[in-house]
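Undergrad: Just passing along the structure, written as structure tokens.
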Amino acid sequence: LTETTLLCPDMISREPYVFTDDESGSLIAFYHLGSKLAGHSRIVHGGLAAVLLDECMGRACFPRLVGKVAVTAKLELNYKSPIPVNSVV
């Protein structure tokens, strides 16, 4: 989703920078979030923040999966602060 549908100007404006360590299962990712991703005025929609987290968790665990298939059964988030549009997270 983040490298196809949402990858366009004013959304995720460039491919995310993703660094993984398959051995440890760690991942660091950077996304530029544009102005068309706002849920409220100049604030990134919370659902997109959940999508980014879900995709990063999938990328981090995928190399360790035996069958290479996974789904998210439940994702529950407590948001600490809003993400402004036109920012890198």
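FYI, nothing fancy with the structure tokens labels: chains A, B, ... in order, residues from 1 per chain, ligands from 1 as they appear.
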Identify all residues of chain A in strand (DSSP E) (DSSP on the backbone) and supply them as a JSON list (two decimals) with C-alpha atoms, in the first residue's frame.
TA:
[["chain", "number", "residue", "atom", "x", "y", "z"],
["A", 17, "TYR", "CA", 13.79, 4.57, 3.13],
["A", 18, "VAL", "CA", 13.77, 1.22, 4.92],
["A", 19, "PHE", "CA", 16.72, -0.39, 6.69],
["A", 20, "THR", "CA", 16.35, -3.92, 8.05],
["A", 21, "ASP", "CA", 18.47, -6.36, 10.00],
["A", 26, "SER", "CA", 14.84, -4.89, 13.60],
["A", 27, "LEU", "CA", 13.69, -2.25, 11.13],
["A", 28, "ILE", "CA", 14.04, 1.50, 10.72],
["A", 29, "ALA", "CA", 11.86, 3.27, 8.15],
["A", 30, "PHE", "CA", 11.44, 6.89, 7.06],
["A", 32, "HIS", "CA", 7.53, 11.62, 3.89],
["A", 33, "LEU", "CA", 3.82, 12.25, 4.54],
["A", 38, "ALA", "CA", -4.70, 14.80, 6.40],
["A", 39, "GLY", "CA", -7.65, 13.60, 8.43],
["A", 40, "HIS", "CA", -8.02, 16.97, 10.17],
["A", 43, "ILE", "CA", -2.77, 16.50, 10.73],
["A", 44, "VAL", "CA", -2.05, 13.06, 9.20],
["A", 87, "SER", "CA", 6.76, 15.81, 7.65],
["A", 88, "VAL", "CA", 9.11, 12.84, 7.75]]
Undergrad: Please extract the residues of stretch 19-61 of chain A with a backbone DSSP assignment of helix (DSSP H, G or I) and present them as a PyMOL selection string.
TA: chain A and resi 35-37+46-61
Undergrad: How would the residues just picked look written out with N, CA and C atoms as a short mmCIF file (atom, residue, chain, number, x, y, z; two decimals), in the first residue's frame?
TA:
data_model
loop_
_atom_site.label_atom_id
_atom_site.label_comp_id
_atom_site.auth_asym_id
_atom_site.auth_seq_id
_atom_site.Cartn_x
_atom_site.Cartn_y
_atom_site.Cartn_z
N SER A 35 0.49 16.49 2.15
CA SER A 35 -0.70 17.22 2.60
C SER A 35 -2.02 16.51 2.32
N LYS A 36 -2.06 15.60 1.34
CA LYS A 36 -3.32 14.91 1.04
C LYS A 36 -3.60 13.73 1.97
N LEU A 37 -2.77 13.55 2.98
CA LEU A 37 -2.97 12.47 3.94
C LEU A 37 -3.61 12.97 5.23
N GLY A 46 -5.05 9.33 11.46
CA GLY A 46 -4.56 8.30 12.38
C GLY A 46 -4.54 6.91 11.77
N GLY A 47 -5.46 6.64 10.85
CA GLY A 47 -5.48 5.34 10.19
C GLY A 47 -4.23 5.11 9.37
N LEU A 48 -3.68 6.17 8.80
CA LEU A 48 -2.45 6.02 8.03
C LEU A 48 -1.29 5.69 8.96
N ALA A 49 -1.25 6.30 10.12
CA ALA A 49 -0.20 5.97 11.09
C ALA A 49 -0.26 4.48 11.44
N ALA A 50 -1.47 3.94 11.57
CA ALA A 50 -1.63 2.52 11.86
C ALA A 50 -1.15 1.67 10.69
N VAL A 51 -1.44 2.10 9.47
CA VAL A 51 -0.98 1.37 8.27
C VAL A 51 0.55 1.32 8.24
N LEU A 52 1.19 2.45 8.50
CA LEU A 52 2.65 2.49 8.48
C LEU A 52 3.24 1.54 9.52
N LEU A 53 2.68 1.56 10.71
CA LEU A 53 3.16 0.67 11.76
C LEU A 53 2.95 -0.79 11.39
N ASP A 54 1.78 -1.11 10.86
CA ASP A 54 1.46 -2.48 10.47
C ASP A 54 2.40 -2.97 9.37
N GLU A 55 2.64 -2.15 8.37
CA GLU A 55 3.53 -2.55 7.28
C GLU A 55 4.97 -2.73 7.77
N CYS A 56 5.42 -1.85 8.65
CA CYS A 56 6.78 -1.99 9.18
C CYS A 56 6.92 -3.25 10.03
N MET A 57 5.92 -3.55 10.84
CA MET A 57 5.98 -4.78 11.64
C MET A 57 6.00 -6.01 10.74
N GLY A 58 5.22 -5.97 9.67
CA GLY A 58 5.23 -7.08 8.72
C GLY A 58 6.58 -7.26 8.05
N ARG A 59 7.18 -6.15 7.63
CA ARG A 59 8.50 -6.22 7.00
C ARG A 59 9.56 -6.75 7.95
N ALA A 60 9.45 -6.36 9.22
CA ALA A 60 10.45 -6.79 10.20
C ALA A 60 10.35 -8.29 10.48
N CYS A 61 9.14 -8.82 10.53
CA CYS A 61 8.99 -10.24 10.90
C CYS A 61 9.00 -11.17 9.68
#
Undergrad: Would you please work out which residue, of A:Leu7, A:Leu65, A:Ile83, A:Ala73, is nearest to A:Asp22 when using only C-alpha atoms?
TA: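 Among the listed residues, A:Leu65 lies closest to A:Asp22.
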Undergrad: For A:Val89, which residue out of A:Pro63, A:Pro16, A:Gly25, A:Pro9 is the nearest one, using only C-alpha atoms?
TA: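 Result for the nearest residue to A:Val89: A:Pro16.
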Undergrad: Within 12 Å of A:Thr4, counting only C-alpha atoms, which residues show up once you throw out same-chain ones fewer than 5 positions away? Write them as a VMD selection string, please.
TA: chain A and resid 11 to 16
Undergrad: Enter the distance from atom CA of A:Pro82 to atom CA of A:Tyr31, in Å, rounded to one decimal.
TA: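 Interatomic distance here is 15.3 Å.
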